[in-house]
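J.: To start, I am sharing the structure in question, which I have written as structure tokens.
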Amino acid sequence: MSDAIPPPRDATWRLITPNDTQFVYYLVSKVDPRWWRFSRHGLEPSHLVAIARGTAAGVIVINGYGLPVACALLADTGASGTGILEYFALPNPDAQALARRFARDLVAAAFAGAPIRQLYYERFENDPDVLGEVGALFEVEVTFPEFAMIDGHFETRTTSVLTADRFAAAQRVPQ
């Protein structure tokens with residue numbers, strides 16, 4: 001019998017399941033208070049589960065060892081034709097790199113899977129980049145200076161938007 005660790009599979013993403021609740025809670029606690037939707041009223045588990053149930057869809061990014069490292073949720077979809085992309089990775093460079101690797105696919109899935117024409121994305125000024133190159137397609141719509149205290153100082157929060165038309169046009173241009 002060998003003690004060798006098997007080589008990693010390729011990383012991937014999949015739809016979220018009820019079994020992912022523990023990971024989502026863990027992720028929220030690791031990035032608190034940056035995942036504002038979940039942590040602004042505290043980290044009481046039943047409150048977080050109730051918020052998660054109100055999302056339209058979600059995915060989990062899985063590393064090559066089969067472990068979850070990031071989560072994306074599509075929230076606030078409805079008759080207005082808009083949605084909010086919530087996307088966070090564990091606070092380490094490998095998890096954040098995997099999040100960036102799959103960001104374009106997840107944005108494409110959001111537009112393909114829901115009747116939205118505008119996708120919003122909210123971030124604090126010092127949040128790590130998890131959107132990578134697709135993040136450049138989002139345009140800042142609103143800036144809230146000194147929105148909340150994080151790590152002992154106030155951080156600005158921005159709301160950016162990407163339209164379905166702008167995203168589709170970018171997909172037709174060779175990358």
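A note on labels: chains of the structure tokens are A, B, ... as shown, every chain counts residues from 1, and ligands are counted from 1 in their shown order.
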Could you name the residues that touch Leu162 of chain A at 12 Å or less, counting only C-alpha atoms, but leaving out those on the same chain fewer than 2 positions away, as number ranges by chain?

T.: A: 82-85, 107-108, 110-111, 116-122, 134-141, 159-160, 164-170

J.: Enumerate the residues of segment 101-175 of chain A with a DSSP assignment of helix (DSSP H, G or I), computed from the backbone, and present them as a PyMOL selection string.

T.: chain A and resi 101-113+132-137+164-172

J.: Write a file of the selected residues as a tab-separated table (two decimals), in the first residue's frame, keeping C-alpha atoms.

T.:
chain	number	residue	atom	x	y	z
A	101	ARG	CA	-10.40	30.92	-13.65
A	102	PHE	CA	-14.12	30.09	-13.60
A	103	ALA	CA	-15.57	33.63	-13.35
A	104	ARG	CA	-16.37	34.00	-17.06
A	105	ASP	CA	-18.16	30.63	-17.11
A	106	LEU	CA	-20.19	31.54	-14.03
A	107	VAL	CA	-21.23	34.92	-15.43
A	108	ALA	CA	-22.23	33.19	-18.67
A	109	ALA	CA	-24.25	30.64	-16.68
A	110	ALA	CA	-26.01	33.43	-14.77
A	111	PHE	CA	-27.12	35.11	-18.00
A	112	ALA	CA	-28.06	31.79	-19.62
A	113	GLY	CA	-29.91	30.40	-16.62
A	132	GLY	CA	-10.34	38.31	-13.22
A	133	GLU	CA	-10.63	39.47	-16.82
A	134	VAL	CA	-14.44	39.35	-16.87
A	135	GLY	CA	-14.43	41.95	-14.09
A	136	ALA	CA	-13.25	44.55	-16.61
A	137	LEU	CA	-16.62	44.23	-18.38
A	164	ALA	CA	-26.35	40.88	-21.10
A	165	ASP	CA	-25.71	42.72	-24.38
A	166	ARG	CA	-22.26	43.91	-23.28
A	167	PHE	CA	-21.33	40.42	-22.09
A	168	ALA	CA	-22.58	38.82	-25.34
A	169	ALA	CA	-20.61	41.33	-27.42
A	170	ALA	CA	-17.45	40.57	-25.44
A	171	GLN	CA	-17.93	36.84	-26.11
A	172	ARG	CA	-17.92	37.45	-29.87

J.: Mind checking which residues fall within 12 Å of Ala97 of chain A, counting only C-alpha atoms, ignoring those fewer than 4 positions away in the same chain, and posting them as a list of chain:residue names?

T.: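 Returned residues: A:Ala11, A:Val61, A:Ile62, A:Asn63, A:Val69, A:Ala70, A:Phe88, A:Ala89, A:Leu90, A:Pro91, A:Asn92, A:Pro93, A:Arg101, A:Phe102, A:Ala103, A:Pro128, A:Asp129, A:Val130, A:Leu131, A:Gly132, A:Glu133.
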
J.: Using the chain letters and numbers from this document, which residues of chain A does DSSP assign to strand (DSSP E or B), as an MDAnalysis selection string?

T.: chainID A and resid 12:15 57:62 68:75 82:89 118:124 139:150 153:163

J.: From the options A:Tyr65, A:Trp13, A:Tyr25, A:Phe144, which residue's atoms come nearest to Arg123 of chain A, counting only C-alpha atoms?

T.: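 Among the listed residues, the smallest separation from Arg123 of chain A belongs to A:Phe144.
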
J.: Could you check the closest approach to Thr163 of chain A for each of A:Pro115, A:Met149, A:Gln96, A:Arg37 and tell me which residue wins, using only C-alpha atoms?

T.: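 Closest to Thr163 of chain A, using only C-alpha atoms: A:Pro115.
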
J.: Could you pull the residues within 10 Å of Leu15 of chain A, counting only C-alpha atoms, minus those fewer than 3 positions along the same chain, as a list in words?

T.: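 That gives Asp20, Ala57, Gly58, Val59, Ile60, Val61, Cys71, Ala72 and Leu73 of chain A.
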
J.: Just write the chosen residues, N, CA and C atoms, as a compact mmCIF listing (two decimals), in the first residue's frame.

T.:
# COMPACT_ATOMS: atom_id res chain seq x y z
N ASP A 20 -24.00 21.59 0.73
CA ASP A 20 -22.97 22.62 0.72
C ASP A 20 -23.17 23.69 1.78
N ALA A 57 -30.00 30.82 -7.58
CA ALA A 57 -29.15 29.70 -8.00
C ALA A 57 -27.79 29.87 -7.36
N GLY A 58 -27.02 28.81 -7.38
CA GLY A 58 -25.68 28.90 -6.83
C GLY A 58 -24.78 27.81 -7.36
N VAL A 59 -23.48 28.08 -7.29
CA VAL A 59 -22.49 27.09 -7.70
C VAL A 59 -21.36 27.07 -6.68
N ILE A 60 -20.68 25.95 -6.65
CA ILE A 60 -19.51 25.76 -5.81
C ILE A 60 -18.33 25.46 -6.74
N VAL A 61 -17.22 26.15 -6.53
CA VAL A 61 -15.98 25.88 -7.25
C VAL A 61 -15.21 24.85 -6.43
N CYS A 71 -17.70 30.08 -3.82
CA CYS A 71 -19.14 29.95 -4.01
C CYS A 71 -19.65 31.19 -4.74
N ALA A 72 -20.52 30.97 -5.69
CA ALA A 72 -21.20 32.06 -6.38
C ALA A 72 -22.70 31.84 -6.23
N LEU A 73 -23.40 32.91 -5.91
CA LEU A 73 -24.85 32.86 -5.80
C LEU A 73 -25.46 33.94 -6.68

J.: I want to know what sits within 12 Å of segment 154-156 of chain A, based on only C-alpha atoms, with residues of the same chain fewer than 5 positions away left out; could you give that as a count of residues only?

T.: 16

J.: If I take atom CA of Gly64 of chain A and atom CA of Ala99 of chain A, how far is one from the other in Å, to one decimal?

T.: 12.8 Å

J.: Atom CA of Thr21 of chain A to atom CA of Ala95 of chain A: how many Å, to one decimal?

T.: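 Atom CA of Ala95 of chain A lies 18.2 Å from atom CA of Thr21 of chain A.
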
J.: As an exercise, work out the distance from atom CA of Lys30 of chain A to atom CA of Thr12 of chain A in Å and give it to one decimal place.

T.: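 Computed distance, atom CA of Lys30 of chain A to atom CA of Thr12 of chain A, equals 21.5 Å.
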